[in-house]
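Asker: Okay, so here is data-v6.txt, and as you'll see once you scroll down, it has compact mmCIF, C-alpha atoms and all ligand atoms.
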```txt
# COMPACT_ATOMS: atom_id res chain seq x y z
CA MET L 1 11.13 113.89 19.80
CA SER L 2 13.28 116.89 19.13
CA ARG L 3 13.40 117.70 15.45
CA PRO L 4 14.90 120.47 13.36
CA LEU L 5 12.94 123.38 11.96
CA LEU L 6 12.17 122.24 8.42
CA MET L 7 13.53 124.89 6.04
CA ILE L 8 14.21 122.62 3.09
CA PRO L 9 12.24 123.36 -0.11
CA GLY L 10 9.61 120.79 0.77
CA PRO L 11 8.31 119.04 2.75
CA VAL L 12 7.72 122.12 4.91
CA GLU L 13 6.43 122.90 8.39
CA VAL L 14 2.72 122.20 8.75
CA ASP L 15 0.23 124.08 10.92
CA ASP L 16 -1.13 122.24 14.01
CA ALA L 17 -4.72 122.35 12.74
CA VAL L 18 -3.63 120.76 9.45
CA LEU L 19 -1.73 118.06 11.35
CA ALA L 20 -4.75 117.47 13.59
CA ALA L 21 -6.96 117.11 10.50
CA ASN L 22 -4.50 114.59 9.07
CA GLY L 23 -4.45 112.67 12.37
CA GLN L 24 -8.17 112.02 12.69
CA PRO L 25 -9.63 108.53 12.16
CA PRO L 26 -10.01 107.98 8.40
CA LEU L 27 -13.32 108.95 6.82
CA GLY L 28 -14.80 106.62 4.23
CA HIS L 29 -14.47 107.97 0.72
CA THR L 30 -18.24 107.78 0.15
CA ALA L 31 -19.20 109.14 3.61
CA MET L 32 -21.31 112.30 3.35
CA ALA L 33 -18.88 114.12 5.67
CA PHE L 34 -15.98 113.36 3.30
CA ILE L 35 -17.94 114.15 0.14
CA GLU L 36 -18.73 117.60 1.51
CA VAL L 37 -15.09 118.27 2.53
CA PHE L 38 -13.56 117.03 -0.75
CA GLY L 39 -16.21 118.68 -2.95
CA LYS L 40 -15.72 122.04 -1.25
CA CYS L 41 -11.93 121.68 -1.36
CA LEU L 42 -12.03 121.03 -5.14
CA ASP L 43 -14.28 124.09 -5.56
CA ASP L 44 -11.99 126.22 -3.40
CA LEU L 45 -8.83 125.17 -5.25
CA ARG L 46 -10.10 127.28 -8.15
CA ASP L 47 -9.59 130.32 -5.89
CA VAL L 48 -6.08 129.20 -4.93
CA PHE L 49 -5.06 128.63 -8.57
CA ARG L 50 -7.11 131.70 -9.61
CA ALA L 51 -8.88 129.66 -12.27
CA PRO L 52 -12.67 130.10 -12.01
CA ASP L 53 -13.01 128.00 -15.19
CA GLY L 54 -10.50 125.37 -14.05
CA GLN L 55 -11.14 121.73 -13.20
CA ALA L 56 -9.08 120.42 -10.29
CA ILE L 57 -7.95 116.81 -10.05
CA VAL L 58 -6.43 115.66 -6.75
CA VAL L 59 -5.00 112.15 -6.39
CA ALA L 60 -2.59 110.26 -4.16
CA GLY L 61 0.96 110.75 -5.36
CA SER L 62 3.94 113.08 -5.35
CA GLY L 63 4.71 116.04 -7.59
CA THR L 64 6.24 113.78 -10.23
CA LEU L 65 2.91 112.00 -10.56
CA ALA L 66 1.27 115.42 -10.95
CA MET L 67 3.67 116.10 -13.85
CA GLU L 68 2.62 112.83 -15.47
CA LEU L 69 -1.07 113.47 -14.70
CA ALA L 70 -0.73 116.69 -16.70
CA VAL L 71 1.39 115.46 -19.61
CA ALA L 72 -0.17 112.03 -20.25
CA ASN L 73 -3.54 113.57 -21.10
CA VAL L 74 -2.63 116.44 -23.41
CA ILE L 75 0.34 114.92 -25.26
CA GLU L 76 0.10 112.18 -27.87
CA PRO L 77 2.94 110.21 -29.45
CA GLY L 78 4.56 112.30 -32.18
CA ASP L 79 3.53 115.66 -30.68
CA ARG L 80 6.19 118.32 -30.47
CA ALA L 81 6.78 120.04 -27.14
CA VAL L 82 9.05 122.88 -26.07
CA VAL L 83 10.53 123.00 -22.57
CA VAL L 84 11.93 126.12 -20.91
CA ASP L 85 14.90 124.65 -19.06
CA THR L 86 15.60 126.45 -15.79
CA GLY L 87 17.00 123.44 -13.95
CA TYR L 88 16.69 119.88 -12.72
CA PHE L 89 12.88 119.79 -12.64
CA SER L 90 12.51 121.23 -16.15
CA ARG L 91 14.74 118.37 -17.27
CA ARG L 92 12.50 115.92 -15.45
CA MET L 93 9.61 117.39 -17.46
CA VAL L 94 11.58 116.63 -20.65
CA ASP L 95 11.79 112.97 -19.54
CA VAL L 96 8.07 112.81 -18.74
CA LEU L 97 7.16 114.34 -22.11
CA LYS L 98 9.45 111.94 -23.98
CA ARG L 99 8.05 108.97 -22.06
CA HIS L 100 4.63 109.93 -23.42
CA GLY L 101 5.91 110.03 -26.99
CA ALA L 102 6.65 113.73 -27.48
CA THR L 103 9.53 115.08 -29.51
CA VAL L 104 11.04 117.67 -27.20
CA GLU L 105 13.00 120.81 -27.92
CA THR L 106 14.70 122.22 -24.84
CA VAL L 107 15.49 125.92 -24.61
CA GLY L 108 18.13 126.19 -21.95
CA ALA L 109 20.29 128.64 -20.06
CA LEU L 110 23.24 128.48 -17.71
CA ALA L 111 22.38 127.38 -14.15
CA GLY L 112 20.75 130.37 -12.43
CA ASP L 113 19.42 131.94 -15.61
CA CYS L 114 16.26 131.67 -17.69
CA PRO L 115 16.44 131.56 -21.49
CA PRO L 116 15.38 134.79 -23.25
CA LEU L 117 11.85 135.01 -24.63
CA ASP L 118 12.98 135.33 -28.25
CA ARG L 119 14.72 131.94 -28.09
CA VAL L 120 11.57 130.35 -26.68
CA GLU L 121 9.52 132.02 -29.40
CA GLN L 122 11.89 130.70 -32.06
CA ALA L 123 11.39 127.16 -30.78
CA LEU L 124 7.62 127.61 -30.88
CA GLN L 125 7.63 128.91 -34.43
CA THR L 126 7.77 125.47 -36.03
CA GLY L 127 4.61 124.50 -34.15
CA ALA L 128 4.22 122.75 -30.79
CA GLN L 129 1.42 121.07 -28.90
CA ALA L 130 2.73 122.35 -25.57
CA LEU L 131 5.15 124.72 -23.88
CA ALA L 132 6.25 123.43 -20.47
CA ILE L 133 7.57 125.86 -17.88
CA THR L 134 8.72 125.32 -14.30
CA HIS L 135 7.41 128.32 -12.36
CA VAL L 136 10.13 128.01 -9.73
CA ASP L 137 12.82 125.45 -10.42
CA THR L 138 13.67 124.12 -6.98
CA SER L 139 17.19 123.20 -8.08
CA THR L 140 18.18 126.77 -8.97
CA GLY L 141 15.66 129.03 -7.24
CA VAL L 142 14.93 130.59 -10.63
CA LEU L 143 11.48 132.12 -11.08
CA ALA L 144 10.31 131.97 -14.70
CA PRO L 145 8.24 134.85 -16.16
CA ILE L 146 4.99 132.93 -16.56
CA PRO L 147 2.78 135.74 -17.98
CA GLU L 148 5.20 136.41 -20.84
CA LEU L 149 5.87 132.74 -21.55
CA ALA L 150 2.19 131.76 -21.41
CA ALA L 151 1.44 134.63 -23.85
CA LEU L 152 4.05 133.21 -26.26
CA ALA L 153 2.43 129.79 -26.02
CA ARG L 154 -0.95 131.32 -26.78
CA ARG L 155 0.40 133.28 -29.74
CA HIS L 156 1.80 130.08 -31.25
CA ASN L 157 -1.23 127.98 -30.43
CA ALA L 158 0.57 125.74 -27.92
CA LEU L 159 -0.88 124.66 -24.59
CA SER L 160 1.02 126.07 -21.62
CA ILE L 161 1.83 123.56 -18.88
CA VAL L 162 3.17 125.12 -15.68
CA ASP L 163 4.93 123.05 -13.02
CA GLY L 164 3.91 125.02 -9.94
CA VAL L 165 5.25 122.50 -7.40
CA CYS L 166 7.62 124.97 -5.74
CA ALA L 167 5.49 128.05 -6.41
CA LEU L 168 1.74 127.57 -6.18
CA ALA L 169 0.25 129.31 -3.10
CA GLY L 170 3.54 131.13 -2.53
CA GLU L 171 4.38 133.01 -5.73
CA GLU L 172 1.85 135.26 -7.44
CA PHE L 173 -0.02 133.17 -9.99
CA GLU L 174 -3.13 134.12 -11.98
CA MET L 175 -3.94 131.00 -13.95
CA ALA L 176 -6.96 132.36 -15.86
CA GLN L 177 -5.76 135.93 -16.29
CA TRP L 178 -2.37 134.75 -17.55
CA ASP L 179 -4.17 132.16 -19.68
CA VAL L 180 -2.22 129.13 -18.46
CA ASP L 181 -3.84 125.89 -19.63
CA VAL L 182 -2.56 123.31 -17.12
CA CYS L 183 -0.94 123.86 -13.74
CA LEU L 184 0.29 121.11 -11.45
CA THR L 185 1.56 121.02 -7.90
CA ALA L 186 1.99 118.78 -4.86
CA SER L 187 0.87 119.07 -1.27
CA GLN L 188 4.24 119.35 0.49
CA LYS L 189 5.37 122.80 -0.63
CA ALA L 190 3.60 126.16 -0.35
CA LEU L 191 0.24 124.44 0.18
CA ALA L 192 1.73 123.43 3.56
CA VAL L 193 0.32 119.92 3.82
CA PRO L 194 2.33 116.72 4.41
CA PRO L 195 3.61 115.00 1.22
CA GLY L 196 1.33 112.63 -0.66
CA LEU L 197 -1.08 114.58 -2.87
CA ALA L 198 -0.67 115.36 -6.58
CA LEU L 199 -2.83 118.22 -7.85
CA VAL L 200 -3.61 119.36 -11.39
CA VAL L 201 -5.89 122.13 -12.59
CA ALA L 202 -6.89 122.04 -16.26
CA ARG L 203 -8.63 124.91 -18.06
CA PRO L 204 -11.05 124.53 -21.01
CA ARG L 205 -8.50 124.52 -23.82
CA ALA L 206 -6.60 121.66 -22.16
CA LEU L 207 -9.82 119.75 -21.51
CA ASP L 208 -10.80 120.23 -25.17
CA ALA L 209 -7.39 118.95 -26.32
CA PHE L 210 -7.90 115.93 -24.08
CA LYS L 211 -11.37 115.27 -25.53
CA ALA L 212 -9.99 115.52 -29.08
CA ARG L 213 -7.31 112.85 -28.50
CA ARG L 214 -6.82 110.35 -31.28
CA GLN L 215 -5.26 107.74 -29.03
CA PRO L 216 -6.06 106.53 -25.50
CA VAL L 217 -3.97 107.77 -22.59
CA ALA L 218 -1.06 105.38 -22.11
CA SER L 219 -1.11 105.54 -18.30
CA TYR L 220 -4.10 103.89 -16.64
CA TYR L 221 -3.79 105.67 -13.26
CA CYS L 222 -3.28 109.08 -14.89
CA ASP L 223 -6.16 108.90 -17.36
CA TRP L 224 -8.38 111.96 -16.89
CA SER L 225 -11.37 110.04 -18.26
CA LEU L 226 -11.24 107.93 -15.10
CA TRP L 227 -10.70 110.84 -12.70
CA LEU L 228 -12.83 113.64 -14.14
CA PRO L 229 -16.19 111.94 -13.40
CA VAL L 230 -15.02 111.30 -9.83
CA MET L 231 -13.93 114.90 -9.21
CA GLN L 232 -17.10 116.25 -10.80
CA ALA L 233 -19.22 113.90 -8.67
CA TYR L 234 -17.57 115.16 -5.46
CA GLN L 235 -18.16 118.71 -6.65
CA SER L 236 -21.85 117.96 -7.12
CA ARG L 237 -21.73 116.37 -3.65
CA THR L 238 -22.42 112.81 -4.78
CA PRO L 239 -20.34 109.69 -4.11
CA ALA L 240 -18.05 108.25 -6.78
CA TYR L 241 -15.10 105.89 -6.92
CA PHE L 242 -12.15 105.15 -9.14
CA GLY L 243 -9.13 104.75 -6.83
CA THR L 244 -9.47 105.17 -3.06
CA PRO L 245 -8.62 108.77 -2.23
CA PRO L 246 -6.18 109.40 0.65
CA THR L 247 -9.01 110.72 2.81
CA ASN L 248 -6.84 111.92 5.71
CA LEU L 249 -4.57 113.96 3.46
CA ILE L 250 -7.55 115.43 1.65
CA VAL L 251 -9.11 116.53 4.96
CA ALA L 252 -5.71 118.06 5.82
CA LEU L 253 -5.54 119.80 2.41
CA SER L 254 -9.02 121.14 2.96
CA GLU L 255 -7.97 122.65 6.32
CA SER L 256 -4.90 124.24 4.73
CA VAL L 257 -6.90 125.60 1.77
CA ASN L 258 -9.32 127.17 4.28
CA GLN L 259 -6.37 128.80 6.05
CA ILE L 260 -4.89 129.97 2.73
CA LEU L 261 -8.14 131.58 1.62
CA ARG L 262 -8.64 133.17 5.06
CA GLU L 263 -5.19 134.74 4.70
CA GLY L 264 -6.09 135.77 1.12
CA MET L 265 -3.96 135.11 -1.95
CA GLU L 266 -2.64 138.67 -2.24
CA ALA L 267 -1.61 138.70 1.43
CA ARG L 268 -0.02 135.27 1.09
CA TRP L 269 2.00 136.33 -1.96
CA ALA L 270 3.04 139.50 -0.13
CA ARG L 271 4.18 137.47 2.91
CA HIS L 272 6.25 135.24 0.65
CA ARG L 273 7.78 138.34 -0.95
CA GLN L 274 8.77 139.47 2.56
CA LEU L 275 10.22 136.04 3.36
CA GLY L 276 12.24 136.00 0.15
CA ALA L 277 13.45 139.59 0.49
CA SER L 278 14.55 139.10 4.09
CA MET L 279 16.42 135.84 3.45
CA ARG L 280 18.19 137.35 0.44
CA ALA L 281 19.06 140.51 2.37
CA ALA L 282 20.51 138.45 5.22
CA MET L 283 22.62 136.25 2.99
CA GLN L 284 23.92 139.16 0.94
CA ALA L 285 24.83 141.01 4.15
CA LEU L 286 26.92 137.94 5.06
CA GLY L 287 28.64 138.10 1.66
CA LEU L 288 26.98 135.03 0.12
CA LYS L 289 26.18 135.03 -3.59
CA LEU L 290 22.75 134.08 -4.94
CA VAL L 291 22.45 131.42 -7.66
CA PRO L 292 19.88 133.37 -9.77
CA VAL L 293 21.85 135.75 -11.94
CA ARG L 294 19.40 138.68 -11.72
CA SER L 295 17.10 139.82 -8.94
CA ALA L 296 14.03 139.51 -11.20
CA LEU L 297 14.77 135.77 -11.39
CA CYS L 298 14.82 135.24 -7.60
CA ALA L 299 12.00 133.08 -6.29
CA ASP L 300 10.40 134.02 -2.99
CA THR L 301 9.68 130.42 -1.96
CA LEU L 302 13.32 129.42 -1.62
CA THR L 303 16.78 130.98 -1.67
CA THR L 304 19.73 129.31 -3.38
CA LEU L 305 23.23 130.35 -2.34
CA TYR L 306 26.79 129.55 -3.37
CA TYR L 307 29.07 128.51 -0.53
CA PRO L 308 31.42 131.40 0.21
CA ASP L 309 35.17 131.04 -0.27
CA GLY L 310 36.68 128.55 2.13
CA VAL L 311 33.34 126.88 2.94
CA ASP L 312 32.10 123.62 1.42
CA ASP L 313 29.07 121.37 1.64
CA ALA L 314 29.85 120.58 5.28
CA LEU L 315 27.86 123.77 5.89
CA VAL L 316 24.48 122.02 5.43
CA GLY L 317 25.28 119.54 8.21
CA LYS L 318 26.59 122.32 10.48
CA ILE L 319 23.37 124.30 10.00
CA GLY L 320 21.49 121.10 10.84
CA GLN L 321 23.43 120.87 14.12
CA GLN L 322 22.00 124.30 14.96
CA GLY L 323 18.50 122.86 14.69
CA VAL L 324 17.54 124.01 11.19
CA ALA L 325 17.27 121.67 8.20
CA VAL L 326 18.33 123.17 4.85
CA ALA L 327 19.15 121.34 1.61
CA GLY L 328 22.28 120.80 -0.48
CA GLY L 329 22.59 121.49 -4.20
CA LEU L 330 20.74 119.55 -6.88
CA HIS L 331 21.53 121.07 -10.27
CA PRO L 332 24.18 118.82 -11.85
CA ASP L 333 26.26 121.73 -13.23
CA ILE L 334 26.80 123.34 -9.80
CA LYS L 335 25.81 120.54 -7.43
CA GLY L 336 28.60 120.68 -4.83
CA ARG L 337 28.86 124.46 -4.84
CA TYR L 338 25.59 125.70 -3.34
CA PHE L 339 22.80 125.10 -0.85
CA ARG L 340 19.07 125.80 -0.70
CA VAL L 341 16.82 127.29 1.97
CA GLY L 342 13.05 126.90 1.66
CA HIS L 343 10.69 129.54 3.10
CA MET L 344 7.16 128.81 2.02
CA GLY L 345 3.80 127.80 3.40
CA ILE L 346 3.44 128.93 7.01
CA ALA L 347 7.01 130.27 7.38
CA ASP L 348 7.22 133.65 9.14
CA GLY L 349 9.74 136.24 10.29
CA ALA L 350 10.65 134.16 13.34
CA ALA L 351 11.52 131.17 11.14
CA ILE L 352 13.75 133.41 9.01
CA VAL L 353 15.54 134.83 12.05
CA GLN L 354 16.06 131.33 13.51
CA THR L 355 17.40 130.09 10.16
CA VAL L 356 19.73 133.04 9.63
CA THR L 357 21.03 132.62 13.20
CA ALA L 358 21.78 128.95 12.48
CA ILE L 359 23.53 129.83 9.20
CA GLU L 360 25.62 132.53 10.89
CA THR L 361 26.66 130.15 13.66
CA ALA L 362 27.52 127.36 11.23
CA LEU L 363 29.58 129.75 9.07
CA MET L 364 31.48 130.90 12.15
CA HIS L 365 32.18 127.26 13.16
CA LEU L 366 33.66 126.73 9.70
CA GLY L 367 35.95 129.73 10.11
CA TYR L 368 34.13 132.10 7.77
CA PRO L 369 34.76 135.62 9.05
CA ILE L 370 31.52 137.38 9.95
CA THR L 371 30.25 139.55 12.75
CA ARG L 372 27.46 137.74 14.55
CA GLY L 373 24.09 139.36 13.96
CA THR L 374 24.92 140.98 10.62
CA GLY L 375 22.59 138.67 8.72
CA VAL L 376 19.90 138.70 11.40
CA ALA L 377 19.80 142.52 11.43
CA ALA L 378 19.49 142.62 7.63
CA ALA L 379 16.73 139.98 7.73
CA GLN L 380 14.80 141.90 10.38
CA ALA L 381 15.14 145.17 8.51
CA ALA L 382 13.88 143.62 5.28
CA TYR L 383 11.09 141.55 6.86
CA TYR L 384 9.73 144.30 9.04
CA GLN L 385 10.68 146.95 6.49
CA THR L 386 12.18 149.26 9.09
N1 LIG R 1 8.71 119.90 -9.79
C1 LIG R 1 9.30 120.73 -8.93
C2 LIG R 1 9.47 122.16 -9.31
C3 LIG R 1 9.73 120.25 -7.70
O1 LIG R 1 10.31 121.08 -6.83
C4 LIG R 1 9.55 118.89 -7.37
C5 LIG R 1 9.99 118.34 -6.03
N2 LIG R 1 11.00 118.96 -5.39
C6 LIG R 1 8.93 118.08 -8.30
C7 LIG R 1 8.51 118.62 -9.50
C8 LIG R 1 8.72 116.63 -8.04
O2 LIG R 1 7.92 116.45 -6.92
P1 LIG R 1 8.02 115.15 -6.02
O3 LIG R 1 9.38 115.11 -5.42
O4 LIG R 1 6.93 115.38 -5.00
O5 LIG R 1 7.74 113.99 -6.90
```
Represent the structure contained in this file as structure tokens.
Ligand code: PMP
Answerer:
Amino acid sequence: MSRPLLMIPGPVEVDDAVLAANGQPPLGHTAMAFIEVFGKCLDDLRDVFRAPDGQAIVVAGSGTLAMELAVANVIEPGDRAVVVDTGYFSRRMVDVLKRHGATVETVGALAGDCPPLDRVEQALQTGAQALAITHVDTSTGVLAPIPELAALARRHNALSIVDGVCALAGEEFEMAQWDVDVCLTASQKALAVPPGLALVVARPRALDAFKARRQPVASYYCDWSLWLPVMQAYQSRTPAYFGTPPTNLIVALSESVNQILREGMEARWARHRQLGASMRAAMQALGLKLVPVRSALCADTLTTLYYPDGVDDALVGKIGQQGVAVAGGLHPDIKGRYFRVGHMGIADGAAIVQTVTAIETALMHLGYPITRGTGVAAAQAAYYQT
């Protein structure tokens, strides 16, 4: 089956060894072979999240479930929460928090921007149980300054909850050093595994807040008291059961985590910086405007671009006809005016060049005046830094 190169912001291309791991006959969830793989994977996730004192929880579900798996356990009805609104997924976090009984104050900005720290601090001043931040909002491509925001949360005694779905294992992230309390992600983005796994890492302050709850967790499936003993059993290499784990996906995650740690986190972040820089250089050379309003706000896991004058959302389909899948807009304020290109996980310079070639060709088909190769040359120069 011929299929396009997947350059949407998740799901992403998956390495052959990860696919092969996923395609093996299922292991039983209490088989010694599986216990060893899952236990080691949970241990190793601490190195990926950079949280030596973190507890990982991995369950079947998408990123939205991971959001709920984080919120349901540290928020109680009546708690106040502050959300840094950098786009569509921050707003989803508002909904999740409200669903679990929180009173939410949103600190927003225009699409493509991040609210200033002093406004976030002001919102925290009246007291909050949690500050929720989307590390990279996939709808805008805005990268939030996590170290500064997590420090504000700490100063005002709020737990920091970071949605790392479009960032973790692509963008630099030091969970313990930056003192983030809860981080969540999903398998289908920079972890480079097929969709289907929700992951949360909780650090001691979050686990203490959970233990001090006055009321039971409203969601049965998300209740940490049901999952923590299971995760801890796997980590001590003993069998345990609450809900059947998706054993194939976990074996695939384990293969990808091994690859990630072989590459090394610093090298992986540096490669993503190269991917981001080369895609941005290419698009700017073609005259396209980035959605993030300042370069410090540009994520390296995806690039978000306004359609140039005279071009509309037919561009996404035209790029698809050139064999590369990219995504349309998602943020309600600018939805029909921009498109999104993912470059995370195993993406490399060749994927960028193929994608830029497809974008150039599609732009030319739509009558946008460019000289073929302008974007490709800029991408090469930035990626290979020559
Ligand atoms: N948060 C962010 C930042 C995301 O990018 C996404 C998915 N695009 C989600 C949450 C929700 O994840 P899912 O679609 O897997 O439920």
Asker: So how far away is atom CA of Ile346 of chain L from atom C1 of ligand LIG 1 (chain R), in Å?
Answerer: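 Going from atom C1 of ligand LIG 1 (chain R) over to atom CA of Ile346 of chain L covers 18.9 Å.
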Asker: Name the residues, by chain letter and number, that sit within 10 Å of ligand LIG 1 (chain R) using only C-alpha atoms and all ligand atoms, and give them as a PyMOL selection string.
Answerer: chain L and resi 8-11+61-67+86-93+133-141+162-168+184-189+195-198+330
Asker: Taking 2 positions as the minimum chain separation for residues in the same chain, which residues sit within 9 Å of Ala277 of chain L when counting all atoms listed in the file? Answer as a list in words.
Answerer: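 In the requested form, the answer reads His272, Arg273, Gln274, Leu275, Met279, Arg280, Ala281, Ala282, Asp300, Ala379, Ala382 and Tyr383 of chain L.
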Asker: Save the residues we just selected, C-alpha atoms, as a PDB file, in the frame of the given file?
Answerer:
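Result file result.pdb:
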```pdb
ATOM      1  CA  HIS L 272       6.250 135.240   0.650  1.00  0.00           C
ATOM      2  CA  ARG L 273       7.780 138.340  -0.950  1.00  0.00           C
ATOM      3  CA  GLN L 274       8.770 139.470   2.560  1.00  0.00           C
ATOM      4  CA  LEU L 275      10.220 136.040   3.360  1.00  0.00           C
ATOM      5  CA  MET L 279      16.420 135.840   3.450  1.00  0.00           C
ATOM      6  CA  ARG L 280      18.190 137.350   0.440  1.00  0.00           C
ATOM      7  CA  ALA L 281      19.060 140.510   2.370  1.00  0.00           C
ATOM      8  CA  ALA L 282      20.510 138.450   5.220  1.00  0.00           C
ATOM      9  CA  ASP L 300      10.400 134.020  -2.990  1.00  0.00           C
ATOM     10  CA  ALA L 379      16.730 139.980   7.730  1.00  0.00           C
ATOM     11  CA  ALA L 382      13.880 143.620   5.280  1.00  0.00           C
ATOM     12  CA  TYR L 383      11.090 141.550   6.860  1.00  0.00           C
TER      13      TYR L 383
END
```
Asker: For the atom pair atom CA of Ala33 of chain L and atom CA of Tyr221 of chain L, what is the interatomic distance in Å to one decimal place?
Answerer: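 Separating atom CA of Ala33 of chain L from atom CA of Tyr221 of chain L is a distance of 25.6 Å.
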Asker: Need the shell around segment 39-55 of chain L: protein/DNA/RNA residues with any atom at most 8 Å away, counting only C-alpha atoms. Skip same-chain ones fewer than 3 positions apart. Format as a VMD selection string?
Answerer: chain L and resid 35 to 36 58 168 to 169 173 to 176 201 to 204 231 234 to 237 253 to 254 257 260 to 261 265
Asker: Which distance in Å separates atom CA of Val94 of chain L and atom CA of Pro194 of chain L, to one decimal?
Answerer: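 Result for atom CA of Val94 of chain L versus atom CA of Pro194 of chain L: 26.7 Å, one decimal.
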Asker: Might you pull out every residue within 12 Å of Val71 of chain L, with only C-alpha atoms counted and same-chain residues fewer than 6 positions away left off, and present them as a ChimeraX atom specification?
Answerer: /L:64-65,77,79,81,92-102,129-132,159-163,181-184,200,202,206,209-210,217-219,222-224
Asker: Those same residues - C-alpha atoms - I'd like them written as a compact mmCIF listing (two decimals), in the coordinates of the input.
Answerer:
```
# COMPACT_ATOMS: atom_id res chain seq x y z
CA THR L 64 6.24 113.78 -10.23
CA LEU L 65 2.91 112.00 -10.56
CA PRO L 77 2.94 110.21 -29.45
CA ASP L 79 3.53 115.66 -30.68
CA ALA L 81 6.78 120.04 -27.14
CA ARG L 92 12.50 115.92 -15.45
CA MET L 93 9.61 117.39 -17.46
CA VAL L 94 11.58 116.63 -20.65
CA ASP L 95 11.79 112.97 -19.54
CA VAL L 96 8.07 112.81 -18.74
CA LEU L 97 7.16 114.34 -22.11
CA LYS L 98 9.45 111.94 -23.98
CA ARG L 99 8.05 108.97 -22.06
CA HIS L 100 4.63 109.93 -23.42
CA GLY L 101 5.91 110.03 -26.99
CA ALA L 102 6.65 113.73 -27.48
CA GLN L 129 1.42 121.07 -28.90
CA ALA L 130 2.73 122.35 -25.57
CA LEU L 131 5.15 124.72 -23.88
CA ALA L 132 6.25 123.43 -20.47
CA LEU L 159 -0.88 124.66 -24.59
CA SER L 160 1.02 126.07 -21.62
CA ILE L 161 1.83 123.56 -18.88
CA VAL L 162 3.17 125.12 -15.68
CA ASP L 163 4.93 123.05 -13.02
CA ASP L 181 -3.84 125.89 -19.63
CA VAL L 182 -2.56 123.31 -17.12
CA CYS L 183 -0.94 123.86 -13.74
CA LEU L 184 0.29 121.11 -11.45
CA VAL L 200 -3.61 119.36 -11.39
CA ALA L 202 -6.89 122.04 -16.26
CA ALA L 206 -6.60 121.66 -22.16
CA ALA L 209 -7.39 118.95 -26.32
CA PHE L 210 -7.90 115.93 -24.08
CA VAL L 217 -3.97 107.77 -22.59
CA ALA L 218 -1.06 105.38 -22.11
CA SER L 219 -1.11 105.54 -18.30
CA CYS L 222 -3.28 109.08 -14.89
CA ASP L 223 -6.16 108.90 -17.36
CA TRP L 224 -8.38 111.96 -16.89
```
Asker: Do you know which residues are at most 9 Å from segment 307-309 of chain L counting all atoms listed in the file, after dropping those on the same chain fewer than 6 positions away, and could you put them as an MDAnalysis selection string?
Answerer: chainID L and resid 287:289 315 336:339 368
Asker: Using all atoms listed in the file, determine which residues lie at most 8 Å from Val82 of chain L, disregarding the query and same-chain residues fewer than 6 positions distant; provide the list as a ChimeraX atom specification.
Answerer: /L:104-107,120,123-124,128,130-132
